[in-house]
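This report concerns only the one structure given below.
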There are 2 protein chains.
Amino acid sequence: MPQQGRRRHVSITDVAAEAGVSITTVSHVLSGQRPVSAATTAKVRKVIAELGYEPNQLARGLRLQRTNTVALVVPDITNPFYPLIARGLQNMLGPAGVQVLVTSTDADPSVEDAAVQQMITRRVDGLAFAGYQADHRRVAAAAEVGIPVVLLGGLTPRPGIDVVSSDDVAGGEIAAKYLISRGYQRIAFITGVERVGSPANRVAGYRKALRDAGRPFSPSLVVREEISRDGGARAMARLLALRQAPDAVLCTNDVVAIGALDGAKARGLKVPGNVAVMGFDDIEFASLLTPALTTVSIRPLEQGEAVGRLLLERLDGSAPRQAQRILFDPAVVARESA
Amino acid sequence: MPQQGRRRHVSITDVAAEAGVSITTVSHVLSGQRPVSAATTAKVRKVIAELGYEPNQLARGLRLQRTNTVALVVPDITNPFYPLIARGLQNMLGPAGVQVLVTSTDADPSVEDAAVQQMITRRVDGLAFAGYQADHRRVAAAAEVGIPVVLLGGLTPRPGIDVVSSDDVAGGEIAAKYLISRGYQRIAFITGVERVGSPANRVAGYRKALRDAGRPFSPSLVVREEISRDGGARAMARLLALRQAPDAVLCTNDVVAIGALDGAKARGLKVPGNVAVMGFDDIEFASLLTPALTTVSIRPLEQGEAVGRLLLERLDGSAPRQAQRILFDPAVVARESA
DNA sequence: CTGTTAGCGCATTCAG
DNA sequence: CTGAATGCGCTAACAG
């Protein structure tokens, strides 16, 4: 009967004692690091099975200086973009036996700091960091202490640190060009408060497209808000209250775009009839909205896999000493909202 | 300049040496477990800061027999239901300094087994397990070895194991009752292949509602498919091919319902005009679909928090020895699709 | 108020 | 082919 279960974990010592061999031998039948006679191997295996021995990865990690664990630090795991990253990561790392420690930070710099610090103390073998903050002393600290770091989303690249991202400047550019080609005249941009990372790069691309098209850039049309559904709604409200309201709104991601849709609906406006709305990310549900969201696809699963690959290379030392930078080409996905 | 960073982690020994005290003293200025003079405290703190010392949680865990880590094993982190669970878990556990190891299993029993086994070897302090498999010997193994386990989603309760779930029988019942009250005659149910857990319980509730209403139960109307968007589409196709097709379809979760919507659309059918569709979970995007999805809300964030609370209680020993079972009342969220 | 020592569980020299 | 001994970094008796 399933007992209270205070049965202690069995250790390698228990196995050795029961099998009448040394712990060294037990260790070696497990690792195959050196030959062990067939007879002892059999006996040891038998005892292991009987006792239900599970090697303690903590002890192993302490000894080997390797935890087979990587950290994934993201703003919000609830944003559908990040579970895909997590999945991609796991796809690459799982087969290698490495597990993923996930933390949401709400993009709060102090929380981000604390999370990264936690991960350092846990001696993770690698760190995938997605954040919006400009100054990541703590991330740098992780890198300095020898933990391979890969930055997700175009944070200002730091020397020696790998980056995986969509090409956000290009993304902002093709998105704006698409809207221009559709005949929209006053194109606004809802972005985050920080002036770095993907959001900033997308704005940069947007400005470039305007410039190339000979359009004026109006600072009042880029509004900075919290990157969330609510933030998108608030930003949209602000834009619609402008004397010269925009006829199209680019949003820094799909979740924000959904908020913008909320905002337009709250004012009784039709999308794209009265205002067009366009997002970034192409989360799975973008196609299911009404109107179906026009957006920019950035292949999150593949990004997650790329992060995993990079981390793996750093772990087994097969990576070039130089930092790598993997950029994914964005593509406009034209649907109904713009 | 940010170096190659092979700088070794500094250990408590380094700090002690540099500060000219014993490691015991360093340990105690950190833990406050015993008084240390103001002078030494100051000196030690200074050295800690200078050297950038970060206590090694691995060593600490080995010594303390506690990792401050819990595992979250779910079918698919990409299903929006689970990130909310993860978030709720973190909400409760983060402040206590415990981190969450997340794994997706695709509901594959062998993957589930491997994941749980991994978690045991990592000596996680707790395990939150959401799966559909009937037989979880491995989960039982975790419990037996003293790891507090909480089952998510009404898997057959096991003696001594906590459960957090929505009340799925009640959920299935109110959903079916709702459809009956709306006048639907032939109500189908798309569920998973396994005959256990939330999906099975929801079907049970559905059958109860039919029985209470004096309706016949038709086995051909419950179709078993993979629980995914594609599975939902396939199941819907099968239902629509029936000689007597249903006029309403209950789906075991919203993702499946979205697939069912896909399936209806593929046949050129209108929802709810030709077939009504109803889901479970009330994922955030349910309200944004067209038609907006009628579904059953089960409060995932709160469930995640409940799991965290339960785990925390087990960790600090404040929990009753008896297993707890927390059921969340489901509620129909009437929208457009049914 | 502080230091010495043992041991958590394991991999790995070094010695047979 | 096998063992004994060491140490990864830390906490907690035990002993001043």
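Each chain in the structure tokens gets a letter, A, B, ..., in the order shown, and its residues are numbered from 1; ligands are numbered from 1 in order too.
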Practice problem: Please provide as an MDAnalysis selection string all residues within 12 Å of C:DT5, with the sequence filter that same-chain residues fewer than 5 positions apart are discarded (counting only C-alpha atoms (C1' of nucleotides)). | Solution: (chainID B and resid 24) or (chainID D and resid 11:15)
Save the residues we just selected, C-alpha atoms (C1' of nucleotides), as a short mmCIF file (atom, residue, chain, number, x, y, z; two decimals), in the first residue's frame?
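New file out27.cif:
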data_model
loop_
_atom_site.label_atom_id
_atom_site.label_comp_id
_atom_site.auth_asym_id
_atom_site.auth_seq_id
_atom_site.Cartn_x
_atom_site.Cartn_y
_atom_site.Cartn_z
CA THR B 24 31.67 28.67 9.67
"C1'" DT D 11 25.68 23.51 7.28
"C1'" DA D 12 25.59 21.89 11.78
"C1'" DA D 13 27.01 19.52 15.65
"C1'" DC D 14 30.67 19.81 18.88
"C1'" DA D 15 34.20 22.19 21.26
#
Least-squares fit of chain B onto chain A (C-alpha, ordered pairing) as a short mmCIF file (atom, residue, chain, number, x, y, z; two decimals) with C-alpha atoms, in the first residue's frame:
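To be explicit, this is the file written out as result00.cif:
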data_model
loop_
_atom_site.label_atom_id
_atom_site.label_comp_id
_atom_site.auth_asym_id
_atom_site.auth_seq_id
_atom_site.Cartn_x
_atom_site.Cartn_y
_atom_site.Cartn_z
CA MET B 1 -0.09 0.29 0.45
CA PRO B 2 1.25 3.70 -0.53
CA GLN B 3 2.86 4.70 2.73
CA GLN B 4 3.57 8.09 4.18
CA GLY B 5 6.67 7.76 2.09
CA ARG B 6 9.36 9.09 4.36
CA ARG B 7 11.47 6.27 2.96
CA ARG B 8 14.85 7.83 2.52
CA HIS B 9 16.38 8.14 -0.90
CA VAL B 10 18.76 5.26 -1.40
CA SER B 11 22.33 6.27 -2.11
CA ILE B 12 25.18 4.72 -4.00
CA THR B 13 26.61 3.59 -0.69
CA ASP B 14 23.49 1.58 0.03
CA VAL B 15 23.74 -0.09 -3.33
CA ALA B 16 27.41 -0.84 -2.90
CA ALA B 17 26.86 -2.34 0.53
CA GLU B 18 23.95 -4.47 -0.61
CA ALA B 19 25.83 -5.69 -3.65
CA GLY B 20 29.01 -6.27 -1.73
CA VAL B 21 31.16 -4.07 -3.95
CA SER B 22 32.70 -0.62 -3.69
CA ILE B 23 30.87 2.51 -4.62
CA THR B 24 33.41 3.01 -7.36
CA THR B 25 32.23 -0.13 -9.04
CA VAL B 26 28.61 0.91 -8.77
CA SER B 27 29.52 4.25 -10.24
CA HIS B 28 31.22 2.57 -13.13
CA VAL B 29 28.51 0.11 -14.01
CA LEU B 30 26.32 3.19 -14.26
CA SER B 31 28.66 5.34 -16.29
CA GLY B 32 30.44 2.69 -18.30
CA GLN B 33 33.58 4.72 -17.76
CA ARG B 34 35.61 1.60 -17.20
CA PRO B 35 35.06 -2.10 -17.71
CA VAL B 36 33.26 -4.08 -15.05
CA SER B 37 32.91 -7.86 -15.13
CA ALA B 38 29.65 -9.25 -16.38
CA ALA B 39 28.94 -10.93 -13.08
CA THR B 40 29.35 -7.82 -10.93
CA THR B 41 27.50 -5.73 -13.45
CA ALA B 42 24.57 -8.08 -13.24
CA LYS B 43 24.56 -8.17 -9.48
CA VAL B 44 24.82 -4.41 -9.17
CA ARG B 45 22.05 -3.84 -11.66
CA LYS B 46 19.86 -6.23 -9.79
CA VAL B 47 20.41 -4.45 -6.50
CA ILE B 48 19.81 -1.09 -8.16
CA ALA B 49 16.49 -2.29 -9.43
CA GLU B 50 15.49 -3.86 -6.13
CA LEU B 51 16.37 -0.82 -4.11
CA GLY B 52 15.01 1.62 -6.66
CA TYR B 53 18.23 3.58 -6.67
CA GLU B 54 18.16 6.96 -8.43
CA PRO B 55 21.53 8.70 -8.66
CA ASN B 56 21.44 12.06 -6.92
CA GLN B 57 21.99 14.70 -9.54
CA LEU B 58 22.79 17.24 -6.90
CA ALA B 59 25.83 15.38 -5.68
CA ARG B 60 26.75 14.56 -9.22
CA GLY B 61 26.42 18.20 -10.20
CA LEU B 62 28.54 19.33 -7.29
CA ARG B 63 31.25 16.92 -8.26
CA LEU B 64 31.05 17.46 -12.00
CA GLN B 65 30.49 21.19 -11.81
CA ARG B 66 27.61 20.79 -14.14
CA THR B 67 23.91 20.76 -13.38
CA ASN B 68 22.37 19.86 -16.70
CA THR B 69 19.97 22.68 -16.10
CA VAL B 70 19.43 25.87 -18.00
CA ALA B 71 17.43 28.88 -17.01
CA LEU B 72 14.82 30.57 -19.13
CA VAL B 73 14.02 34.03 -17.83
CA VAL B 74 11.16 35.74 -19.63
CA PRO B 75 8.86 38.68 -19.04
CA ASP B 76 5.72 36.59 -18.92
CA ILE B 77 5.28 32.91 -19.64
CA THR B 78 1.62 33.70 -20.12
CA ASN B 79 2.41 35.54 -23.34
CA PRO B 80 1.99 32.78 -25.94
CA PHE B 81 5.28 33.69 -27.55
CA TYR B 82 7.32 32.39 -24.64
CA PRO B 83 5.86 28.93 -24.20
CA LEU B 84 6.96 28.33 -27.77
CA ILE B 85 10.46 29.42 -26.87
CA ALA B 86 10.33 27.09 -23.89
CA ARG B 87 9.16 24.31 -26.12
CA GLY B 88 11.90 24.90 -28.67
CA LEU B 89 14.47 24.95 -25.91
CA GLN B 90 13.22 21.70 -24.50
CA ASN B 91 13.18 20.13 -27.95
CA MET B 92 16.90 20.70 -28.23
CA LEU B 93 17.94 20.19 -24.64
CA GLY B 94 15.66 17.41 -23.46
CA PRO B 95 17.45 14.68 -25.41
CA ALA B 96 20.70 15.82 -23.79
CA GLY B 97 19.12 15.38 -20.37
CA VAL B 98 19.04 19.03 -19.50
CA GLN B 99 16.02 20.53 -17.85
CA VAL B 100 14.66 24.04 -18.00
CA LEU B 101 14.05 26.34 -15.06
CA VAL B 102 11.45 28.92 -16.08
CA THR B 103 10.80 32.29 -14.46
CA SER B 104 8.50 35.15 -15.35
CA THR B 105 9.71 38.59 -14.37
CA ASP B 106 6.96 40.91 -15.59
CA ALA B 107 9.84 42.78 -17.18
CA ASP B 108 10.54 44.31 -13.81
CA PRO B 109 14.27 45.00 -13.66
CA SER B 110 14.56 44.20 -10.00
CA VAL B 111 12.74 40.92 -10.49
CA GLU B 112 14.90 40.18 -13.50
CA ASP B 113 17.98 40.80 -11.42
CA ALA B 114 16.80 38.59 -8.63
CA ALA B 115 15.89 35.83 -11.06
CA VAL B 116 19.25 35.86 -12.77
CA GLN B 117 20.98 35.92 -9.42
CA GLN B 118 18.97 32.92 -8.30
CA MET B 119 20.05 31.13 -11.43
CA ILE B 120 23.69 31.88 -10.79
CA THR B 121 23.49 30.50 -7.28
CA ARG B 122 21.90 27.41 -8.74
CA ARG B 123 24.83 27.08 -11.07
CA VAL B 124 22.74 26.59 -14.17
CA ASP B 125 24.80 25.55 -17.15
CA GLY B 126 23.26 28.19 -19.35
CA LEU B 127 20.94 31.16 -19.31
CA ALA B 128 18.43 32.25 -21.89
CA PHE B 129 17.36 35.76 -21.05
CA ALA B 130 14.53 37.71 -22.58
CA GLY B 131 13.98 41.11 -21.09
CA TYR B 132 13.48 44.68 -21.91
CA GLN B 133 15.80 46.35 -19.49
CA ALA B 134 18.69 48.35 -20.79
CA ASP B 135 21.15 47.67 -18.05
CA HIS B 136 21.66 44.06 -17.13
CA ARG B 137 24.60 44.07 -14.84
CA ARG B 138 23.41 40.78 -13.46
CA VAL B 139 23.28 39.13 -16.84
CA ALA B 140 26.79 40.33 -17.44
CA ALA B 141 27.70 38.89 -14.07
CA ALA B 142 26.41 35.52 -15.17
CA ALA B 143 28.48 35.68 -18.32
CA GLU B 144 31.56 36.74 -16.41
CA VAL B 145 31.30 33.86 -14.05
CA GLY B 146 31.41 31.54 -17.03
CA ILE B 147 27.74 30.81 -17.59
CA PRO B 148 26.92 30.84 -21.29
CA VAL B 149 24.23 33.41 -21.88
CA VAL B 150 22.04 33.91 -24.88
CA LEU B 151 19.98 37.01 -25.18
CA LEU B 152 16.57 36.66 -26.70
CA GLY B 153 15.02 39.51 -28.59
CA GLY B 154 17.36 42.17 -29.83
CA LEU B 155 18.67 43.60 -26.63
CA THR B 156 21.68 45.72 -27.19
CA PRO B 157 24.24 43.09 -27.97
CA ARG B 158 27.04 42.83 -25.48
CA PRO B 159 30.50 41.76 -26.46
CA GLY B 160 30.88 38.04 -26.03
CA ILE B 161 27.20 37.26 -25.59
CA ASP B 162 25.18 35.27 -28.10
CA VAL B 163 21.94 36.68 -29.40
CA VAL B 164 18.91 35.05 -30.96
CA SER B 165 16.23 37.30 -32.26
CA SER B 166 14.01 38.08 -35.09
CA ASP B 167 15.48 40.83 -37.21
CA ASP B 168 13.39 43.46 -35.54
CA VAL B 169 14.59 46.43 -37.51
CA ALA B 170 13.69 44.60 -40.69
CA GLY B 171 10.41 43.56 -39.09
CA GLY B 172 9.43 47.08 -38.22
CA GLU B 173 10.38 48.15 -41.68
CA ILE B 174 8.40 45.58 -43.63
CA ALA B 175 5.41 46.08 -41.38
CA ALA B 176 5.37 49.83 -41.95
CA LYS B 177 6.03 49.38 -45.66
CA TYR B 178 3.11 47.01 -45.83
CA LEU B 179 0.82 49.56 -44.22
CA ILE B 180 2.10 52.30 -46.48
CA SER B 181 1.49 50.13 -49.52
CA ARG B 182 -2.03 49.57 -48.34
CA GLY B 183 -2.56 53.30 -48.46
CA TYR B 184 -2.57 54.20 -44.79
CA GLN B 185 -1.51 57.75 -44.12
CA ARG B 186 -1.04 58.26 -40.43
CA ILE B 187 0.67 55.23 -39.01
CA ALA B 188 1.13 55.05 -35.26
CA PHE B 189 3.29 52.71 -33.21
CA ILE B 190 2.52 51.34 -29.76
CA THR B 191 5.71 50.28 -28.05
CA GLY B 192 7.18 49.69 -24.59
CA VAL B 193 8.53 52.27 -22.21
CA GLU B 194 12.13 51.07 -22.43
CA ARG B 195 14.11 52.38 -25.34
CA VAL B 196 15.99 49.16 -26.01
CA GLY B 197 15.47 45.67 -27.30
CA SER B 198 12.99 44.34 -29.81
CA PRO B 199 10.42 47.07 -29.23
CA ALA B 200 12.96 49.82 -29.86
CA ASN B 201 14.37 48.07 -32.89
CA ARG B 202 10.95 47.67 -34.40
CA VAL B 203 10.33 51.35 -33.96
CA ALA B 204 13.65 52.02 -35.66
CA GLY B 205 12.57 49.93 -38.64
CA TYR B 206 9.28 51.76 -38.75
CA ARG B 207 11.05 55.10 -38.83
CA LYS B 208 13.30 53.89 -41.59
CA ALA B 209 10.32 52.85 -43.68
CA LEU B 210 8.69 56.23 -43.18
CA ARG B 211 11.88 57.98 -44.14
CA ASP B 212 12.34 55.82 -47.24
CA ALA B 213 8.80 56.62 -48.27
CA GLY B 214 9.33 60.32 -47.73
CA ARG B 215 6.79 60.38 -44.94
CA PRO B 216 7.10 62.68 -41.96
CA PHE B 217 7.78 61.12 -38.59
CA SER B 218 5.49 62.35 -35.89
CA PRO B 219 6.69 61.68 -32.32
CA SER B 220 3.19 61.99 -30.99
CA LEU B 221 2.30 58.88 -32.94
CA VAL B 222 4.63 56.60 -31.06
CA VAL B 223 3.14 55.89 -27.69
CA ARG B 224 4.99 54.13 -24.92
CA GLU B 225 3.02 51.89 -22.65
CA GLU B 226 3.32 48.73 -20.62
CA ILE B 227 3.62 45.78 -22.96
CA SER B 228 0.43 43.90 -22.18
CA ARG B 229 -3.11 43.61 -23.36
CA ASP B 230 -4.24 46.35 -20.99
CA GLY B 231 -1.35 48.53 -22.03
CA GLY B 232 -2.38 48.13 -25.64
CA ALA B 233 -5.91 49.21 -24.84
CA ARG B 234 -4.70 52.25 -22.94
CA ALA B 235 -2.33 53.24 -25.71
CA MET B 236 -5.05 52.88 -28.30
CA ALA B 237 -7.33 55.09 -26.23
CA ARG B 238 -4.63 57.75 -26.13
CA LEU B 239 -4.09 57.57 -29.86
CA LEU B 240 -7.79 57.81 -30.62
CA ALA B 241 -8.04 60.88 -28.43
CA LEU B 242 -5.48 62.69 -30.54
CA ARG B 243 -6.65 65.64 -32.60
CA GLN B 244 -5.25 63.88 -35.61
CA ALA B 245 -5.88 60.25 -34.85
CA PRO B 246 -3.97 57.61 -36.82
CA ASP B 247 -5.60 55.45 -39.45
CA ALA B 248 -3.28 52.54 -38.76
CA VAL B 249 -1.57 51.30 -35.63
CA LEU B 250 1.45 49.07 -35.45
CA CYS B 251 1.78 47.26 -32.13
CA THR B 252 4.98 45.92 -30.67
CA ASN B 253 3.47 42.47 -30.28
CA ASP B 254 0.23 40.59 -30.82
CA VAL B 255 -0.85 40.73 -27.22
CA VAL B 256 -0.60 44.50 -27.34
CA ALA B 257 -2.43 44.43 -30.66
CA ILE B 258 -5.26 42.52 -29.04
CA GLY B 259 -5.42 45.27 -26.45
CA ALA B 260 -5.48 47.81 -29.24
CA LEU B 261 -8.39 45.92 -30.74
CA ASP B 262 -10.10 46.11 -27.34
CA GLY B 263 -9.44 49.84 -27.30
CA ALA B 264 -10.90 50.36 -30.76
CA LYS B 265 -13.93 48.30 -29.90
CA ALA B 266 -14.43 50.32 -26.72
CA ARG B 267 -14.69 53.42 -28.89
CA GLY B 268 -17.09 51.70 -31.22
CA LEU B 269 -14.59 51.81 -34.06
CA LYS B 270 -14.31 49.24 -36.78
CA VAL B 271 -11.05 47.52 -37.62
CA PRO B 272 -9.77 47.96 -40.25
CA GLY B 273 -12.57 50.27 -41.42
CA ASN B 274 -11.78 53.09 -39.03
CA VAL B 275 -8.34 52.08 -37.84
CA ALA B 276 -6.12 49.31 -39.03
CA VAL B 277 -4.23 47.29 -36.42
CA MET B 278 -1.15 45.21 -36.98
CA GLY B 279 0.93 43.21 -34.54
CA PHE B 280 4.17 41.29 -34.24
CA ASP B 281 4.84 37.65 -33.36
CA ASP B 282 2.02 35.82 -35.12
CA ILE B 283 0.95 33.98 -32.00
CA GLU B 284 -1.26 31.01 -32.73
CA PHE B 285 -4.45 32.83 -31.90
CA ALA B 286 -3.77 35.77 -34.17
CA SER B 287 -5.53 33.98 -37.02
CA LEU B 288 -8.55 33.28 -34.87
CA LEU B 289 -9.36 36.80 -33.85
CA THR B 290 -12.03 38.92 -35.40
CA PRO B 291 -10.79 40.57 -37.39
CA ALA B 292 -8.02 38.06 -37.99
CA LEU B 293 -4.86 39.86 -37.01
CA THR B 294 -2.42 41.00 -39.65
CA THR B 295 0.98 40.57 -38.09
CA VAL B 296 4.64 39.77 -38.58
CA SER B 297 5.74 36.20 -38.13
CA ILE B 298 8.96 35.67 -36.24
CA ARG B 299 9.08 31.88 -35.79
CA PRO B 300 9.29 31.54 -32.05
CA LEU B 301 9.65 27.77 -31.95
CA GLU B 302 12.66 27.96 -34.20
CA GLN B 303 14.08 30.74 -32.10
CA GLY B 304 13.75 28.57 -29.03
CA GLU B 305 15.48 25.75 -30.84
CA ALA B 306 18.25 28.08 -31.94
CA VAL B 307 18.76 29.16 -28.36
CA GLY B 308 18.95 25.52 -27.33
CA ARG B 309 21.44 24.73 -30.04
CA LEU B 310 23.63 27.66 -29.09
CA LEU B 311 23.57 26.71 -25.43
CA LEU B 312 24.39 23.12 -26.27
CA GLU B 313 27.36 24.20 -28.34
CA ARG B 314 28.67 26.31 -25.50
CA LEU B 315 28.21 23.43 -23.10
CA ASP B 316 30.15 20.90 -25.08
CA GLY B 317 32.70 23.48 -26.06
CA SER B 318 32.09 23.09 -29.77
CA ALA B 319 31.16 26.74 -30.16
CA PRO B 320 33.52 29.30 -31.59
CA ARG B 321 34.91 31.60 -28.95
CA GLN B 322 33.32 34.50 -30.73
CA ALA B 323 29.77 35.48 -29.92
CA GLN B 324 27.13 34.40 -32.38
CA ARG B 325 24.14 36.32 -33.52
CA ILE B 326 21.26 34.47 -35.10
CA LEU B 327 18.63 36.62 -36.74
CA PHE B 328 15.37 35.28 -38.05
CA ASP B 329 13.84 36.91 -41.05
CA PRO B 330 10.43 38.33 -40.28
CA ALA B 331 7.56 38.06 -42.72
CA VAL B 332 4.29 39.92 -42.97
CA VAL B 333 1.25 37.71 -42.52
CA ALA B 334 -1.56 39.62 -44.16
CA ARG B 335 -4.97 38.93 -42.70
CA GLU B 336 -7.96 41.11 -42.03
CA SER B 337 -7.02 43.72 -39.46
CA ALA B 338 -4.79 45.78 -41.75
#
Quiz item: Tell me, which residues of stretch 203-296 of chain B carry DSSP strand (DSSP E or B), written as a list in words?
Solution: Val222, Val223, Arg224, Ala248, Val249, Leu250, Cys251, Ala276, Val277, Met278, Asp281, Leu289, Thr294, Thr295 and Val296 of chain B
From the DSSP assignment of the backbone, select every residue of stretch 96-308 of chain B that is alpha helix (DSSP H), and format the answer as an mmCIF file with C-alpha atoms, in the first residue's frame.
data_model
loop_
_atom_site.group_PDB
_atom_site.id
_atom_site.type_symbol
_atom_site.label_atom_id
_atom_site.label_comp_id
_atom_site.auth_asym_id
_atom_site.auth_seq_id
_atom_site.Cartn_x
_atom_site.Cartn_y
_atom_site.Cartn_z
ATOM 1 C CA PRO B 109 3.290 8.080 -20.982
ATOM 2 C CA SER B 110 6.876 7.138 -21.635
ATOM 3 C CA VAL B 111 7.891 10.776 -21.771
ATOM 4 C CA GLU B 112 5.908 11.447 -18.626
ATOM 5 C CA ASP B 113 7.703 8.624 -16.908
ATOM 6 C CA ALA B 114 11.087 9.840 -17.992
ATOM 7 C CA ALA B 115 10.270 13.378 -16.897
ATOM 8 C CA VAL B 116 9.149 12.345 -13.449
ATOM 9 C CA GLN B 117 12.174 10.135 -13.088
ATOM 10 C CA GLN B 118 14.425 13.030 -14.025
ATOM 11 C CA MET B 119 12.743 15.096 -11.378
ATOM 12 C CA ILE B 120 13.305 12.458 -8.744
ATOM 13 C CA THR B 121 16.989 12.264 -9.540
ATOM 14 C CA ARG B 137 3.831 4.121 -11.342
ATOM 15 C CA ARG B 138 6.534 6.729 -11.548
ATOM 16 C CA VAL B 139 4.435 9.390 -9.908
ATOM 17 C CA ALA B 140 3.690 6.937 -7.155
ATOM 18 C CA ALA B 141 7.407 6.292 -6.926
ATOM 19 C CA ALA B 142 8.006 9.973 -6.362
ATOM 20 C CA ALA B 143 5.430 10.045 -3.606
ATOM 21 C CA GLU B 144 6.876 6.948 -2.000
ATOM 22 C CA ASP B 168 -14.857 18.214 -13.924
ATOM 23 C CA VAL B 169 -17.907 16.076 -13.393
ATOM 24 C CA ALA B 170 -19.822 19.175 -12.411
ATOM 25 C CA GLY B 171 -18.276 20.999 -15.348
ATOM 26 C CA GLY B 172 -19.384 18.412 -17.852
ATOM 27 C CA GLU B 173 -22.791 18.458 -16.302
ATOM 28 C CA ILE B 174 -23.402 22.195 -16.368
ATOM 29 C CA ALA B 175 -22.030 22.417 -19.878
ATOM 30 C CA ALA B 176 -24.392 19.756 -21.177
ATOM 31 C CA LYS B 177 -27.290 21.212 -19.211
ATOM 32 C CA TYR B 178 -26.564 24.570 -20.750
ATOM 33 C CA LEU B 179 -26.690 23.115 -24.243
ATOM 34 C CA ILE B 180 -29.871 21.229 -23.457
ATOM 35 C CA SER B 181 -31.468 24.392 -22.133
ATOM 36 C CA GLY B 197 -8.647 12.262 -15.714
ATOM 37 C CA SER B 198 -10.412 15.501 -16.502
ATOM 38 C CA PRO B 199 -11.545 14.442 -19.965
ATOM 39 C CA ALA B 200 -13.187 11.290 -18.628
ATOM 40 C CA ASN B 201 -14.773 13.118 -15.737
ATOM 41 C CA ARG B 202 -16.226 15.722 -18.031
ATOM 42 C CA VAL B 203 -17.753 13.007 -20.131
ATOM 43 C CA ALA B 204 -19.202 11.490 -16.977
ATOM 44 C CA GLY B 205 -20.835 14.804 -16.110
ATOM 45 C CA TYR B 206 -22.191 15.074 -19.617
ATOM 46 C CA ARG B 207 -23.735 11.627 -19.361
ATOM 47 C CA LYS B 208 -25.271 12.515 -16.048
ATOM 48 C CA ALA B 209 -26.867 15.619 -17.517
ATOM 49 C CA LEU B 210 -28.294 13.615 -20.399
ATOM 50 C CA ARG B 211 -29.652 11.039 -18.008
ATOM 51 C CA ASP B 212 -31.195 13.685 -15.752
ATOM 52 C CA ARG B 229 -6.199 21.582 -32.208
ATOM 53 C CA ASP B 230 -5.641 19.104 -35.021
ATOM 54 C CA GLY B 231 -7.318 16.370 -33.038
ATOM 55 C CA GLY B 232 -10.332 18.597 -32.572
ATOM 56 C CA ALA B 233 -10.556 19.208 -36.293
ATOM 57 C CA ARG B 234 -10.313 15.510 -37.060
ATOM 58 C CA ALA B 235 -12.934 14.641 -34.488
ATOM 59 C CA MET B 236 -15.269 17.276 -35.840
ATOM 60 C CA ALA B 237 -14.836 15.893 -39.340
ATOM 61 C CA ARG B 238 -15.783 12.446 -38.078
ATOM 62 C CA LEU B 239 -18.849 13.772 -36.312
ATOM 63 C CA LEU B 240 -20.017 15.718 -39.332
ATOM 64 C CA ASP B 254 -10.755 25.160 -25.692
ATOM 65 C CA VAL B 255 -7.841 24.187 -27.876
ATOM 66 C CA VAL B 256 -9.795 21.186 -29.076
ATOM 67 C CA ALA B 257 -12.812 23.443 -29.529
ATOM 68 C CA ILE B 258 -10.761 25.700 -31.756
ATOM 69 C CA GLY B 259 -9.917 22.645 -33.815
ATOM 70 C CA ALA B 260 -13.595 21.786 -33.936
ATOM 71 C CA LEU B 261 -14.251 25.281 -35.206
ATOM 72 C CA ASP B 262 -11.606 24.668 -37.873
ATOM 73 C CA GLY B 263 -13.358 21.433 -38.770
ATOM 74 C CA ALA B 264 -16.747 23.100 -39.085
ATOM 75 C CA LYS B 265 -15.295 25.871 -41.175
ATOM 76 C CA ALA B 266 -13.626 23.325 -43.440
ATOM 77 C CA PRO B 300 -6.339 28.144 -13.988
ATOM 78 C CA LEU B 301 -4.334 30.848 -12.252
ATOM 79 C CA GLU B 302 -6.052 30.077 -8.993
ATOM 80 C CA GLN B 303 -5.485 26.397 -9.540
ATOM 81 C CA GLY B 304 -1.790 27.050 -9.993
ATOM 82 C CA GLU B 305 -1.763 29.078 -6.818
ATOM 83 C CA ALA B 306 -3.579 26.321 -4.969
ATOM 84 C CA VAL B 307 -0.980 23.837 -6.136
ATOM 85 C CA GLY B 308 1.743 26.167 -4.898
#
Practice problem: Could you tell me how far atom C1' of C:DT4 lies from atom C1' of D:DC8, in Å and to one decimal? | Solution: 19.4 Å
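Near chain A, counting only C-alpha atoms (C1' of nucleotides) at 12 Å, the chain D residues are DC1, DT2, DG3, DA4, DA5, DT6, DG7, DC8, DG9 and DC10 of chain D.
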Self-check item: Residues of chain C within 7 Å of chain B, only C-alpha atoms (C1' of nucleotides) counted, as a list in words
Solution: DC1, DG3 and DC8 of chain C
Keeping C-alpha atoms (C1' of nucleotides) for every residue in the selection just given, could you write it to a file as a CSV table (one decimal), in the first residue's frame?
chain,number,residue,atom,x,y,z
C,1,DC,C1',31.6,35.1,19.9
C,3,DG,C1',36.8,27.5,14.9
C,8,DC,C1',25.4,15.2,2.4
